[in-house]
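Undergrad: This is the structure I have questions about; it appears just below.
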Amino acid sequence: MLPLVPVVRMSRPPVPSRASLGALLLIPLLVAPPLRAQAVPGATGAITGRVIEAVTEAPVANATVRVVGQELVVQTDAAGRFTVRGVRTGIVTLDVRRLGYAPVTKGDIAVSPAKPAEVLVVLRPVDVQLAAVTVRPEAFPPQRPQATPVSTQAYSAEEVRRQPGAQEDVLRAISVAPGVGVTSAARNDLIVRGGAPFENLFVVDNVEVPNINHFGSQGSTGGPISLINIRFIENAEISAGGFGARYGDRASSATTLTLREGNRERLAGELNVAATQYGAVLEGPLGDKASFFVNVRRSYLDLLFKAIGLSFIPAYTDATAKAVWRPTARDAVSFLTIAARGTITFNNDTDSNRVNNAQVLAPAQDQYFSGLTWKRLLSRGVVTTTLGRTWTRFVTAQRDSLLVPVFESRSTEGETTLRSDLAWLPARGVEVEAGTIVKYASDLRYDATLAGFARRDAQGTPRQLRVDTAFTALRNGTYAQASWQARPRLRLSAGVRGDWYGFLDNAVRLAPRLNATIRLDDATTLALAGGRYWQAPSYIWLVGDPRNRQALRPFRADQLVAGVTRLVGEELKVQLEVYAKRYGDYPARVYRPQAVLSPSGFDDVTTDIPFGLEPLQSTGTGEAQGVELFVQKKLGQSPFYGQLSASVNRTRFSGLNGIATRGAFDTPVLANGVLGWRPNARWEVAVRGRGASGLPLTPFVTQGTLAGTLDFARYNAQRLGTFFAADVRVDRRFVFGRQQLIAFLDLQNVTNRQNPAPPSWNPRRRQVETQTTVGLLPSIGLNWEF
């Protein structure tokens, strides 16, 4: 899978200098409007939103909403809604209070004169047994939901948007969470506690989406860049493990992305240009009970890649639309759809280009996902029902230097889901969650050809693949979980999830989940969580060999997490966690008996078999352990914010040969840090640093007929060099009457470090050649709100 940030391949003709590449990424300057005006000190905007109760989501009436530092106070109406007008533009904090609820402060709210800021505030009822209630930012709630009791970090819209080096990609933005790494600087595959990227679950507005990326890896979850516009993120939450029974069919992590609603005050728009794309947004009210937003984006990567002389030209377009309708005080109906198209073209005019392109796997994709959600409030609970649909057409190919196909694949994967979830408070101190999800994959079609020399068995014998098949798949997951406040400072939770896989010989798997939370004092919490997690094999793995449908079954991960969290004041959190995972029934590779299946992205199918298109058996085992430290400072009364995470990890897997070796994503040391400063409402400066031990590496065979393929006799015997990158971002806000312009400069890899990348095989010279990533990569972005 090609990177959007090109990797320097030494076997290719020299590419233009990084200075010229940086100049090209400053293209947004050429389309920027002239900045003749300055920010207006007296400019104001509005904040609208809702205050609801945790768990039941019932509206909280008569709550007091105060803008911190400004003499502005309002109360919520019977529907829990409020509007604060005359708020000075910039980033503000709300203080929300209601008798009988723990008061909270919600920060990082961006106020613009162009349109109201939409916010959602969640209040938790006060347990009468508790001696005191402490005011804390909402990001540090005194009690985690039972669905995500441990190992979970939540990021607000502003925290995601302003992340240095994120390239407007929500997955890159949240990759700074503890225990999370990436496979390379050019991709956003998340490595969570040593697990493969295909072990990660992504839920967007209650729809489980297999892959949320342009040019996404089939059968996995990563890609070069997310297709979700980062400006629509209301909240991003990633749970690295120990999550409750609500989430299933994934063995490592669960990430939930909630998209905001369109504003209900007036019609508004945005035009934006960023590092890789430009786009437009329109939003506003639909009558007095509904709102909408629509967005269209297109990349200009084709222009950039042509200008710097690359022989492969990627381009993508995406569109997003969401509408929310609240016909009654108890009902809310929302509809979301996101569609995208990505294409790759090649310049094969010269022999050199054809040789270079022969090492590139070219994916083209059409995709969409949609969700229709009805939320109904009960007297002491809420029922949420979502009808979802995901669909992707993959057209993937790689040709040799004579343009003869080496790999060709045309496939579609379409799945319809219906899920319903209940959250209920049957008695004081008791919370119950229950639900079910049915998935019917009605459109699974695979037509693939892989040359024999690119698909050799363990003895080196070519095994050509030719498959043309279609099938359907039906599955169901049903869960229940209950939480009990056993003592004023002790909460216990137990749940169970059952999954039925009709397409895997009617396999049934049960997954118990347990967790306990102990409040040692008003600021310190001890949490324990454990459980079993099952995951079905990806659909494409089932067609890699005629026996895979019978040989593969769901694999499992047993997880145990223990952690302590200390809140220091209202803005600082310190968290220390230890974890252990043990895998069983993991897909093991028959043709590579040293290895389990661990695909991420594929650059070149001639080096290894792609997408699990090979014989597999559910006999692999593995384990992962680690210790994580996380410190986070929220933006509040102090103008500084930041976070620091560091972890020590160990991952081992065993294939068919039974010998434990390093996991493909074993990262012994991982560290991420972010530090930001907002001196006033106009300026913001942030820096991000990332460091990690290099990923394991399998060297090439350099002699004989197998030269240029990976030497699995030395599977993961080597390791890439240490990765380090520092990114800097500067934001500046300009106000022009009722319009606002946000301009930012993003300097990725500001130290100009040449980080090591996996080596490549030069077929002309028949030798291994070193690769490094691009050094300093500057870009400028503009967002005009009107």
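Just so we're on the same page: first chain in the structure tokens is A, next is B, and so on; residues restart at 1 for each chain, and ligands are numbered from 1 in the order they show up.
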Find the residues near Ala482 in chain A: any atom within 7 Å, counting only C-alpha atoms, skip ones fewer than 2 places away on the same chain, and give them as a list in words.
TA: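 In the requested form, the answer reads Glu431, Val432, Glu433, Ala480, Trp484, Ser493, Ala494 and Gly495 of chain A.
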Undergrad: Need to verify the contact set: range 469-471 of chain A, 8 Å, only C-alpha atoms, exclusion of same-chain residues closer than 6 positions in sequence. Can you return it as JSON, numbers by chain?
TA: {"A": [442, 443, 444, 445, 446, 447, 543]}
Undergrad: Just C-alpha atoms for this one: save the residues we selected as a tab-separated table (two decimals), in the first residue's frame.
TA:
chain	number	residue	atom	x	y	z
A	442	SER	CA	-24.72	-9.92	1.67
A	443	ASP	CA	-22.12	-8.91	-0.88
A	444	LEU	CA	-18.81	-10.75	-0.56
A	445	ARG	CA	-17.20	-11.26	-3.97
A	446	TYR	CA	-13.57	-12.08	-4.70
A	447	ASP	CA	-11.82	-12.43	-8.05
A	543	VAL	CA	-10.64	-17.28	0.19
Undergrad: So that I can see what lies close to Phe215 in chain A, please list as a PDB file with all heavy atoms, in the first residue's frame the residues with an atom at most 10 Å from it, counting only C-alpha atoms and leaving out residues fewer than 2 positions away in the same chain.
TA:
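The new file result_30.pdb reads:
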ATOM      1  N   MET A   1       0.849  -1.185   0.000  1.00  0.00           N
ATOM      2  CA  MET A   1       0.000   0.000   0.000  1.00  0.00           C
ATOM      3  C   MET A   1       0.880   1.228   0.000  1.00  0.00           C
ATOM      4  O   MET A   1       1.739   1.375   0.847  1.00  0.00           O
ATOM      5  CB  MET A   1      -0.896   0.001   1.238  1.00  0.00           C
ATOM      6  CG  MET A   1      -2.100   0.881   1.099  1.00  0.00           C
ATOM      7  SD  MET A   1      -3.297   0.225  -0.057  1.00  0.00           S
ATOM      8  CE  MET A   1      -3.858  -1.223   0.811  1.00  0.00           C
ATOM      9  N   LEU A   2       0.638   2.120  -0.962  1.00  0.00           N
ATOM     10  CA  LEU A   2       1.544   3.241  -1.094  1.00  0.00           C
ATOM     11  C   LEU A   2       1.334   4.260   0.006  1.00  0.00           C
ATOM     12  O   LEU A   2       0.234   4.424   0.516  1.00  0.00           O
ATOM     13  CB  LEU A   2       1.345   3.938  -2.437  1.00  0.00           C
ATOM     14  CG  LEU A   2       0.180   4.951  -2.554  1.00  0.00           C
ATOM     15  CD1 LEU A   2       0.348   5.725  -3.844  1.00  0.00           C
ATOM     16  CD2 LEU A   2      -1.161   4.251  -2.569  1.00  0.00           C
ATOM     17  N   PRO A   3       2.406   4.936   0.429  1.00  0.00           N
ATOM     18  CA  PRO A   3       2.274   5.984   1.437  1.00  0.00           C
ATOM     19  C   PRO A   3       1.893   7.301   0.797  1.00  0.00           C
ATOM     20  O   PRO A   3       2.228   7.579  -0.344  1.00  0.00           O
ATOM     21  CB  PRO A   3       3.681   6.056   2.045  1.00  0.00           C
ATOM     22  CG  PRO A   3       4.567   5.647   0.924  1.00  0.00           C
ATOM     23  CD  PRO A   3       3.797   4.651   0.094  1.00  0.00           C
ATOM     24  N   LEU A   4       1.182   8.151   1.537  1.00  0.00           N
ATOM     25  CA  LEU A   4       0.899   9.495   1.057  1.00  0.00           C
ATOM     26  C   LEU A   4       2.081  10.415   1.284  1.00  0.00           C
ATOM     27  O   LEU A   4       2.236  11.415   0.611  1.00  0.00           O
ATOM     28  CB  LEU A   4      -0.348  10.050   1.752  1.00  0.00           C
ATOM     29  CG  LEU A   4      -1.650   9.354   1.358  1.00  0.00           C
ATOM     30  CD1 LEU A   4      -2.827  10.102   1.954  1.00  0.00           C
ATOM     31  CD2 LEU A   4      -1.808   9.258  -0.142  1.00  0.00           C
ATOM     32  N   ASN A 211     -12.882  -0.285   7.957  1.00  0.00           N
ATOM     33  CA  ASN A 211     -11.700   0.534   7.692  1.00  0.00           C
ATOM     34  C   ASN A 211     -12.161   1.944   7.366  1.00  0.00           C
ATOM     35  O   ASN A 211     -13.006   2.134   6.479  1.00  0.00           O
ATOM     36  CB  ASN A 211     -10.894  -0.045   6.531  1.00  0.00           C
ATOM     37  CG  ASN A 211      -9.480   0.520   6.469  1.00  0.00           C
ATOM     38  OD1 ASN A 211      -9.272   1.725   6.457  1.00  0.00           O
ATOM     39  ND2 ASN A 211      -8.495  -0.357   6.433  1.00  0.00           N
ATOM     40  N   ILE A 212     -11.620   2.942   8.052  1.00  0.00           N
ATOM     41  CA  ILE A 212     -12.073   4.331   7.884  1.00  0.00           C
ATOM     42  C   ILE A 212     -11.055   5.147   7.103  1.00  0.00           C
ATOM     43  O   ILE A 212     -10.959   6.359   7.279  1.00  0.00           O
ATOM     44  CB  ILE A 212     -12.373   4.991   9.238  1.00  0.00           C
ATOM     45  CG1 ILE A 212     -11.112   5.056  10.111  1.00  0.00           C
ATOM     46  CG2 ILE A 212     -13.481   4.273   9.970  1.00  0.00           C
ATOM     47  CD1 ILE A 212     -11.300   5.887  11.377  1.00  0.00           C
ATOM     48  N   ASN A 213     -10.336   4.492   6.174  1.00  0.00           N
ATOM     49  CA  ASN A 213      -9.243   5.160   5.465  1.00  0.00           C
ATOM     50  C   ASN A 213      -9.414   5.136   3.960  1.00  0.00           C
ATOM     51  O   ASN A 213     -10.010   4.226   3.387  1.00  0.00           O
ATOM     52  CB  ASN A 213      -7.912   4.473   5.799  1.00  0.00           C
ATOM     53  CG  ASN A 213      -7.472   4.734   7.212  1.00  0.00           C
ATOM     54  OD1 ASN A 213      -7.060   5.830   7.554  1.00  0.00           O
ATOM     55  ND2 ASN A 213      -7.582   3.713   8.057  1.00  0.00           N
ATOM     56  N   SER A 217      -6.083  -0.889   3.910  1.00  0.00           N
ATOM     57  CA  SER A 217      -5.599  -2.244   3.714  1.00  0.00           C
ATOM     58  C   SER A 217      -6.759  -3.222   3.852  1.00  0.00           C
ATOM     59  O   SER A 217      -7.417  -3.271   4.889  1.00  0.00           O
ATOM     60  CB  SER A 217      -4.520  -2.585   4.741  1.00  0.00           C
ATOM     61  OG  SER A 217      -3.412  -1.731   4.602  1.00  0.00           O
ATOM     62  N   GLN A 218      -7.010  -4.022   2.831  1.00  0.00           N
ATOM     63  CA  GLN A 218      -8.104  -4.980   2.871  1.00  0.00           C
ATOM     64  C   GLN A 218      -7.826  -6.042   3.923  1.00  0.00           C
ATOM     65  O   GLN A 218      -6.736  -6.591   4.014  1.00  0.00           O
ATOM     66  CB  GLN A 218      -8.292  -5.628   1.499  1.00  0.00           C
ATOM     67  CG  GLN A 218      -9.562  -6.445   1.391  1.00  0.00           C
ATOM     68  CD  GLN A 218      -9.873  -6.867  -0.028  1.00  0.00           C
ATOM     69  OE1 GLN A 218      -9.078  -6.647  -0.934  1.00  0.00           O
ATOM     70  NE2 GLN A 218     -11.037  -7.482  -0.238  1.00  0.00           N
ATOM     71  N   GLY A 222      -5.866  -0.156   8.788  1.00  0.00           N
ATOM     72  CA  GLY A 222      -5.041   1.027   8.580  1.00  0.00           C
ATOM     73  C   GLY A 222      -5.049   1.503   7.143  1.00  0.00           C
ATOM     74  O   GLY A 222      -5.662   0.925   6.248  1.00  0.00           O
ATOM     75  N   GLY A 223      -4.315   2.597   6.925  1.00  0.00           N
ATOM     76  CA  GLY A 223      -4.189   3.176   5.600  1.00  0.00           C
ATOM     77  C   GLY A 223      -3.331   4.421   5.655  1.00  0.00           C
ATOM     78  O   GLY A 223      -2.803   4.791   6.702  1.00  0.00           O
ATOM     79  N   PRO A 224      -3.196   5.123   4.543  1.00  0.00           N
ATOM     80  CA  PRO A 224      -2.387   6.344   4.542  1.00  0.00           C
ATOM     81  C   PRO A 224      -3.056   7.529   5.229  1.00  0.00           C
ATOM     82  O   PRO A 224      -2.395   8.314   5.890  1.00  0.00           O
ATOM     83  CB  PRO A 224      -2.169   6.623   3.044  1.00  0.00           C
ATOM     84  CG  PRO A 224      -2.506   5.347   2.354  1.00  0.00           C
ATOM     85  CD  PRO A 224      -3.546   4.695   3.183  1.00  0.00           C
ATOM     86  N   ILE A 225      -4.406   7.671   5.071  1.00  0.00           N
ATOM     87  CA  ILE A 225      -5.064   8.840   5.647  1.00  0.00           C
ATOM     88  C   ILE A 225      -6.546   8.555   5.837  1.00  0.00           C
ATOM     89  O   ILE A 225      -7.185   7.880   5.023  1.00  0.00           O
ATOM     90  CB  ILE A 225      -4.864  10.090   4.756  1.00  0.00           C
ATOM     91  CG1 ILE A 225      -5.294  11.356   5.495  1.00  0.00           C
ATOM     92  CG2 ILE A 225      -5.572   9.948   3.421  1.00  0.00           C
ATOM     93  CD1 ILE A 225      -4.822  12.632   4.839  1.00  0.00           C
ATOM     94  N   SER A 226      -7.113   9.067   6.923  1.00  0.00           N
ATOM     95  CA  SER A 226      -8.509   8.823   7.252  1.00  0.00           C
ATOM     96  C   SER A 226      -9.428   9.559   6.293  1.00  0.00           C
ATOM     97  O   SER A 226      -9.131  10.670   5.834  1.00  0.00           O
ATOM     98  CB  SER A 226      -8.793   9.262   8.688  1.00  0.00           C
ATOM     99  OG  SER A 226     -10.175   9.222   8.964  1.00  0.00           O
ATOM    100  N   LEU A 227     -10.594   8.957   6.026  1.00  0.00           N
ATOM    101  CA  LEU A 227     -11.577   9.615   5.177  1.00  0.00           C
ATOM    102  C   LEU A 227     -12.585  10.433   5.984  1.00  0.00           C
ATOM    103  O   LEU A 227     -13.502  11.023   5.415  1.00  0.00           O
ATOM    104  CB  LEU A 227     -12.295   8.579   4.302  1.00  0.00           C
ATOM    105  CG  LEU A 227     -12.993   7.404   4.978  1.00  0.00           C
ATOM    106  CD1 LEU A 227     -14.369   7.741   5.474  1.00  0.00           C
ATOM    107  CD2 LEU A 227     -13.078   6.233   3.995  1.00  0.00           C
ATOM    108  N   PRO A 314      -1.553   9.203  -6.837  1.00  0.00           N
ATOM    109  CA  PRO A 314      -2.792   8.934  -6.104  1.00  0.00           C
ATOM    110  C   PRO A 314      -3.710  10.160  -6.093  1.00  0.00           C
ATOM    111  O   PRO A 314      -3.251  11.308  -6.162  1.00  0.00           O
ATOM    112  CB  PRO A 314      -2.292   8.627  -4.694  1.00  0.00           C
ATOM    113  CG  PRO A 314      -1.058   9.489  -4.553  1.00  0.00           C
ATOM    114  CD  PRO A 314      -0.452   9.595  -5.932  1.00  0.00           C
ATOM    115  N   ALA A 315      -4.996   9.898  -6.014  1.00  0.00           N
ATOM    116  CA  ALA A 315      -5.984  10.975  -5.879  1.00  0.00           C
ATOM    117  C   ALA A 315      -7.189  10.414  -5.133  1.00  0.00           C
ATOM    118  O   ALA A 315      -7.514   9.228  -5.256  1.00  0.00           O
ATOM    119  CB  ALA A 315      -6.400  11.514  -7.242  1.00  0.00           C
ATOM    120  N   TYR A 316      -7.839  11.252  -4.333  1.00  0.00           N
ATOM    121  CA  TYR A 316      -9.031  10.778  -3.630  1.00  0.00           C
ATOM    122  C   TYR A 316     -10.021  11.911  -3.449  1.00  0.00           C
ATOM    123  O   TYR A 316      -9.681  13.102  -3.473  1.00  0.00           O
ATOM    124  CB  TYR A 316      -8.673  10.169  -2.273  1.00  0.00           C
ATOM    125  CG  TYR A 316      -8.093  11.130  -1.253  1.00  0.00           C
ATOM    126  CD1 TYR A 316      -8.908  11.982  -0.496  1.00  0.00           C
ATOM    127  CD2 TYR A 316      -6.724  11.184  -1.018  1.00  0.00           C
ATOM    128  CE1 TYR A 316      -8.373  12.838   0.443  1.00  0.00           C
ATOM    129  CE2 TYR A 316      -6.181  12.039  -0.078  1.00  0.00           C
ATOM    130  CZ  TYR A 316      -7.005  12.864   0.645  1.00  0.00           C
ATOM    131  OH  TYR A 316      -6.473  13.729   1.574  1.00  0.00           O
ATOM    132  N   ALA A 340     -16.452   7.692  -0.366  1.00  0.00           N
ATOM    133  CA  ALA A 340     -15.111   8.067  -0.810  1.00  0.00           C
ATOM    134  C   ALA A 340     -14.724   7.286  -2.046  1.00  0.00           C
ATOM    135  O   ALA A 340     -15.203   6.170  -2.283  1.00  0.00           O
ATOM    136  CB  ALA A 340     -14.086   7.824   0.302  1.00  0.00           C
ATOM    137  N   ARG A 341     -13.839   7.881  -2.831  1.00  0.00           N
ATOM    138  CA  ARG A 341     -13.246   7.218  -3.998  1.00  0.00           C
ATOM    139  C   ARG A 341     -11.758   7.524  -4.008  1.00  0.00           C
ATOM    140  O   ARG A 341     -11.350   8.671  -3.818  1.00  0.00           O
ATOM    141  CB  ARG A 341     -13.899   7.687  -5.290  1.00  0.00           C
ATOM    142  CG  ARG A 341     -13.090   7.393  -6.546  1.00  0.00           C
ATOM    143  CD  ARG A 341     -13.875   7.574  -7.818  1.00  0.00           C
ATOM    144  NE  ARG A 341     -14.837   6.493  -7.991  1.00  0.00           N
ATOM    145  CZ  ARG A 341     -15.536   6.308  -9.116  1.00  0.00           C
ATOM    146  NH1 ARG A 341     -15.397   7.150 -10.135  1.00  0.00           N
ATOM    147  NH2 ARG A 341     -16.383   5.300  -9.217  1.00  0.00           N
ATOM    148  N   GLY A 342     -10.956   6.490  -4.234  1.00  0.00           N
ATOM    149  CA  GLY A 342      -9.508   6.662  -4.343  1.00  0.00           C
ATOM    150  C   GLY A 342      -8.996   5.949  -5.578  1.00  0.00           C
ATOM    151  O   GLY A 342      -9.389   4.812  -5.859  1.00  0.00           O
ATOM    152  N   THR A 343      -8.130   6.608  -6.339  1.00  0.00           N
ATOM    153  CA  THR A 343      -7.587   6.025  -7.569  1.00  0.00           C
ATOM    154  C   THR A 343      -6.071   6.194  -7.598  1.00  0.00           C
ATOM    155  O   THR A 343      -5.516   7.106  -6.987  1.00  0.00           O
ATOM    156  CB  THR A 343      -8.181   6.698  -8.821  1.00  0.00           C
ATOM    157  OG1 THR A 343      -7.862   8.096  -8.806  1.00  0.00           O
ATOM    158  CG2 THR A 343      -9.691   6.539  -8.863  1.00  0.00           C
ATOM    159  N   ILE A 344      -5.435   5.284  -8.345  1.00  0.00           N
ATOM    160  CA  ILE A 344      -3.997   5.339  -8.572  1.00  0.00           C
ATOM    161  C   ILE A 344      -3.747   5.239 -10.072  1.00  0.00           C
ATOM    162  O   ILE A 344      -4.299   4.364 -10.741  1.00  0.00           O
ATOM    163  CB  ILE A 344      -3.262   4.174  -7.874  1.00  0.00           C
ATOM    164  CG1 ILE A 344      -3.542   4.165  -6.377  1.00  0.00           C
ATOM    165  CG2 ILE A 344      -1.766   4.262  -8.132  1.00  0.00           C
ATOM    166  CD1 ILE A 344      -2.943   5.304  -5.620  1.00  0.00           C
ATOM    167  N   ALA A 362      -0.879  -1.174  -6.234  1.00  0.00           N
ATOM    168  CA  ALA A 362      -1.763  -0.031  -6.479  1.00  0.00           C
ATOM    169  C   ALA A 362      -3.195  -0.370  -6.091  1.00  0.00           C
ATOM    170  O   ALA A 362      -3.826  -1.201  -6.744  1.00  0.00           O
ATOM    171  CB  ALA A 362      -1.705   0.366  -7.949  1.00  0.00           C
ATOM    172  N   PRO A 363      -3.725   0.244  -5.031  1.00  0.00           N
ATOM    173  CA  PRO A 363      -5.118   0.020  -4.658  1.00  0.00           C
ATOM    174  C   PRO A 363      -6.004   1.149  -5.179  1.00  0.00           C
ATOM    175  O   PRO A 363      -5.667   2.329  -5.097  1.00  0.00           O
ATOM    176  CB  PRO A 363      -5.069   0.044  -3.139  1.00  0.00           C
ATOM    177  CG  PRO A 363      -3.975   1.045  -2.844  1.00  0.00           C
ATOM    178  CD  PRO A 363      -3.008   1.009  -4.006  1.00  0.00           C
ATOM    179  N   ALA A 364      -7.144   0.791  -5.717  1.00  0.00           N
ATOM    180  CA  ALA A 364      -8.188   1.767  -6.041  1.00  0.00           C
ATOM    181  C   ALA A 364      -9.446   1.315  -5.318  1.00  0.00           C
ATOM    182  O   ALA A 364      -9.764   0.118  -5.306  1.00  0.00           O
ATOM    183  CB  ALA A 364      -8.419   1.844  -7.543  1.00  0.00           C
ATOM    184  N   GLN A 365     -10.149   2.248  -4.700  1.00  0.00           N
ATOM    185  CA  GLN A 365     -11.291   1.870  -3.862  1.00  0.00           C
ATOM    186  C   GLN A 365     -12.443   2.841  -4.026  1.00  0.00           C
ATOM    187  O   GLN A 365     -12.242   4.054  -4.109  1.00  0.00           O
ATOM    188  CB  GLN A 365     -10.872   1.833  -2.383  1.00  0.00           C
ATOM    189  CG  GLN A 365      -9.869   0.758  -2.037  1.00  0.00           C
ATOM    190  CD  GLN A 365      -9.396   0.827  -0.601  1.00  0.00           C
ATOM    191  OE1 GLN A 365      -9.964   1.553   0.205  1.00  0.00           O
ATOM    192  NE2 GLN A 365      -8.349   0.085  -0.274  1.00  0.00           N
ATOM    193  N   ASP A 366     -13.646   2.270  -4.055  1.00  0.00           N
ATOM    194  CA  ASP A 366     -14.890   3.023  -3.878  1.00  0.00           C
ATOM    195  C   ASP A 366     -15.522   2.483  -2.600  1.00  0.00           C
ATOM    196  O   ASP A 366     -15.600   1.255  -2.415  1.00  0.00           O
ATOM    197  CB  ASP A 366     -15.839   2.817  -5.060  1.00  0.00           C
ATOM    198  CG  ASP A 366     -15.278   3.369  -6.357  1.00  0.00           C
ATOM    199  OD1 ASP A 366     -14.553   4.373  -6.315  1.00  0.00           O
ATOM    200  OD2 ASP A 366     -15.561   2.779  -7.424  1.00  0.00           O
ATOM    201  N   GLN A 367     -15.996   3.382  -1.745  1.00  0.00           N
ATOM    202  CA  GLN A 367     -16.523   2.903  -0.469  1.00  0.00           C
ATOM    203  C   GLN A 367     -17.516   3.890   0.124  1.00  0.00           C
ATOM    204  O   GLN A 367     -17.510   5.084  -0.219  1.00  0.00           O
ATOM    205  CB  GLN A 367     -15.377   2.680   0.520  1.00  0.00           C
ATOM    206  CG  GLN A 367     -14.526   3.914   0.787  1.00  0.00           C
ATOM    207  CD  GLN A 367     -13.278   3.609   1.576  1.00  0.00           C
ATOM    208  OE1 GLN A 367     -13.311   2.914   2.570  1.00  0.00           O
ATOM    209  NE2 GLN A 367     -12.153   4.138   1.143  1.00  0.00           N
ATOM    210  N   PHE A 394     -12.810  -3.056  -3.919  1.00  0.00           N
ATOM    211  CA  PHE A 394     -11.354  -3.022  -4.006  1.00  0.00           C
ATOM    212  C   PHE A 394     -10.926  -3.446  -5.414  1.00  0.00           C
ATOM    213  O   PHE A 394     -11.333  -4.506  -5.885  1.00  0.00           O
ATOM    214  CB  PHE A 394     -10.711  -3.991  -3.006  1.00  0.00           C
ATOM    215  CG  PHE A 394     -11.066  -3.751  -1.565  1.00  0.00           C
ATOM    216  CD1 PHE A 394     -12.192  -4.347  -1.005  1.00  0.00           C
ATOM    217  CD2 PHE A 394     -10.269  -2.952  -0.764  1.00  0.00           C
ATOM    218  CE1 PHE A 394     -12.512  -4.147   0.330  1.00  0.00           C
ATOM    219  CE2 PHE A 394     -10.584  -2.741   0.567  1.00  0.00           C
ATOM    220  CZ  PHE A 394     -11.700  -3.341   1.117  1.00  0.00           C
ATOM    221  N   THR A 396      -7.259  -3.896  -6.958  1.00  0.00           N
ATOM    222  CA  THR A 396      -5.849  -3.844  -6.564  1.00  0.00           C
ATOM    223  C   THR A 396      -5.015  -4.585  -7.598  1.00  0.00           C
ATOM    224  O   THR A 396      -5.403  -5.673  -8.051  1.00  0.00           O
ATOM    225  CB  THR A 396      -5.655  -4.477  -5.177  1.00  0.00           C
ATOM    226  OG1 THR A 396      -6.593  -3.909  -4.266  1.00  0.00           O
ATOM    227  CG2 THR A 396      -4.248  -4.231  -4.664  1.00  0.00           C
ATOM    228  N   GLY A 601       0.099  -2.773   5.942  1.00  0.00           N
ATOM    229  CA  GLY A 601      -0.016  -2.344   4.565  1.00  0.00           C
ATOM    230  C   GLY A 601       0.989  -3.094   3.720  1.00  0.00           C
ATOM    231  O   GLY A 601       2.006  -3.575   4.217  1.00  0.00           O
TER     232      GLY A 601
END
Undergrad: So which residues touch Asp331 in chain A within 9 Å, counting only C-alpha atoms, skipping near sequence neighbours fewer than 4 positions away, as a list in words?
TA: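 Near neighbours after the sequence-gap exclusion: Trp325, Arg326, Pro327, Trp374, Lys375, Arg376 and Leu377 of chain A.
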Undergrad: Output as CSV one row per residue of range 534-557 of chain A within 12 Å of range 508-523 of chain A: the closest atom pair and its distance in Å to one decimal place, counting only C-alpha atoms, sorted by chain and residue number ascending.
TA:
residue,atom,partner,partner_atom,distance
A:Trp534,CA,A:Ala511,CA,7.1
A:Gln535,CA,A:Arg509,CA,9.6
A:Ala536,CA,A:Arg509,CA,10.3
A:Arg553,CA,A:Val508,CA,10.1
A:Pro554,CA,A:Arg509,CA,8.2
A:Phe555,CA,A:Arg509,CA,9.8
A:Arg556,CA,A:Ala511,CA,9.3
A:Ala557,CA,A:Ala511,CA,10.0
Undergrad: I'd like a table as a tab-separated table: residues in range 374-401 of chain A with an atom no more than 12 Å from range 189-208 of chain A, each row giving the shortest atom pair and its distance in Å to one decimal, only C-alpha atoms counted, sorted by chain and rising residue number.
TA:
residue	atom	partner	partner_atom	distance
A:Trp374	CA	A:Asn206	CA	10.7
A:Lys375	CA	A:Asn206	CA	11.1
A:Thr384	CA	A:Asn206	CA	8.9
A:Thr385	CA	A:Asn206	CA	8.8
A:Thr386	CA	A:Asn206	CA	6.8
A:Leu387	CA	A:Val207	CA	8.0
A:Gly388	CA	A:Val207	CA	5.9
A:Arg389	CA	A:Val207	CA	8.0
A:Thr390	CA	A:Glu208	CA	8.5
A:Trp391	CA	A:Glu208	CA	11.9
Undergrad: May I ask which of the residues A:Gly452, A:Gly704, A:Pro210, A:Gly244 is the closest one to Val496 in chain A, counting only C-alpha atoms?
TA: A:Gly244
Undergrad: Please, what distance in Å, to one decimal, runs between CA of Leu123 in chain A and CA of Val564 in chain A?
TA: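 One can read the CA of Leu123 in chain A to CA of Val564 in chain A distance as 23.4 Å.
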Undergrad: For each of A:Gln643, A:Ser311, A:Gln594, A:Gln617, take the minimum atom-to-atom distance to Thr698 in chain A, counting only C-alpha atoms, then give the residue where this is smallest.
TA: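 Closest candidate: A:Gln594.
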Undergrad: At what distance in Å, to one decimal, does CA of Phe232 in chain A lie from CA of Leu259 in chain A?
TA: 5.3 Å
Undergrad: If you run DSSP on the backbone here, which positions in range 355-401 of chain A get strand (DSSP E or B)? Please write them as a ChimeraX atom specification.
TA: /A:362-377,381-399
Undergrad: When distances are computed from only C-alpha atoms, which of A:Phe312, A:Tyr641, A:Phe243, A:Tyr579 shows the smallest separation from Asn353 in chain A?
TA: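 Checking each of A:Phe312, A:Tyr641, A:Phe243, A:Tyr579 against Asn353 in chain A, counting only C-alpha atoms, the winner is A:Phe312.
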Undergrad: Find the spatial neighbours of Thr449 in chain A, counting only C-alpha atoms, within a cut-off of 9 Å - ignore same-chain residues fewer than 4 positions away - and output them as a list in words.
TA: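 Listed by chain and then number, they are Pro405, Val406, Phe407, Glu408, Ser409, Gln464, Leu465, Arg466, Val467 and Asp468 of chain A.
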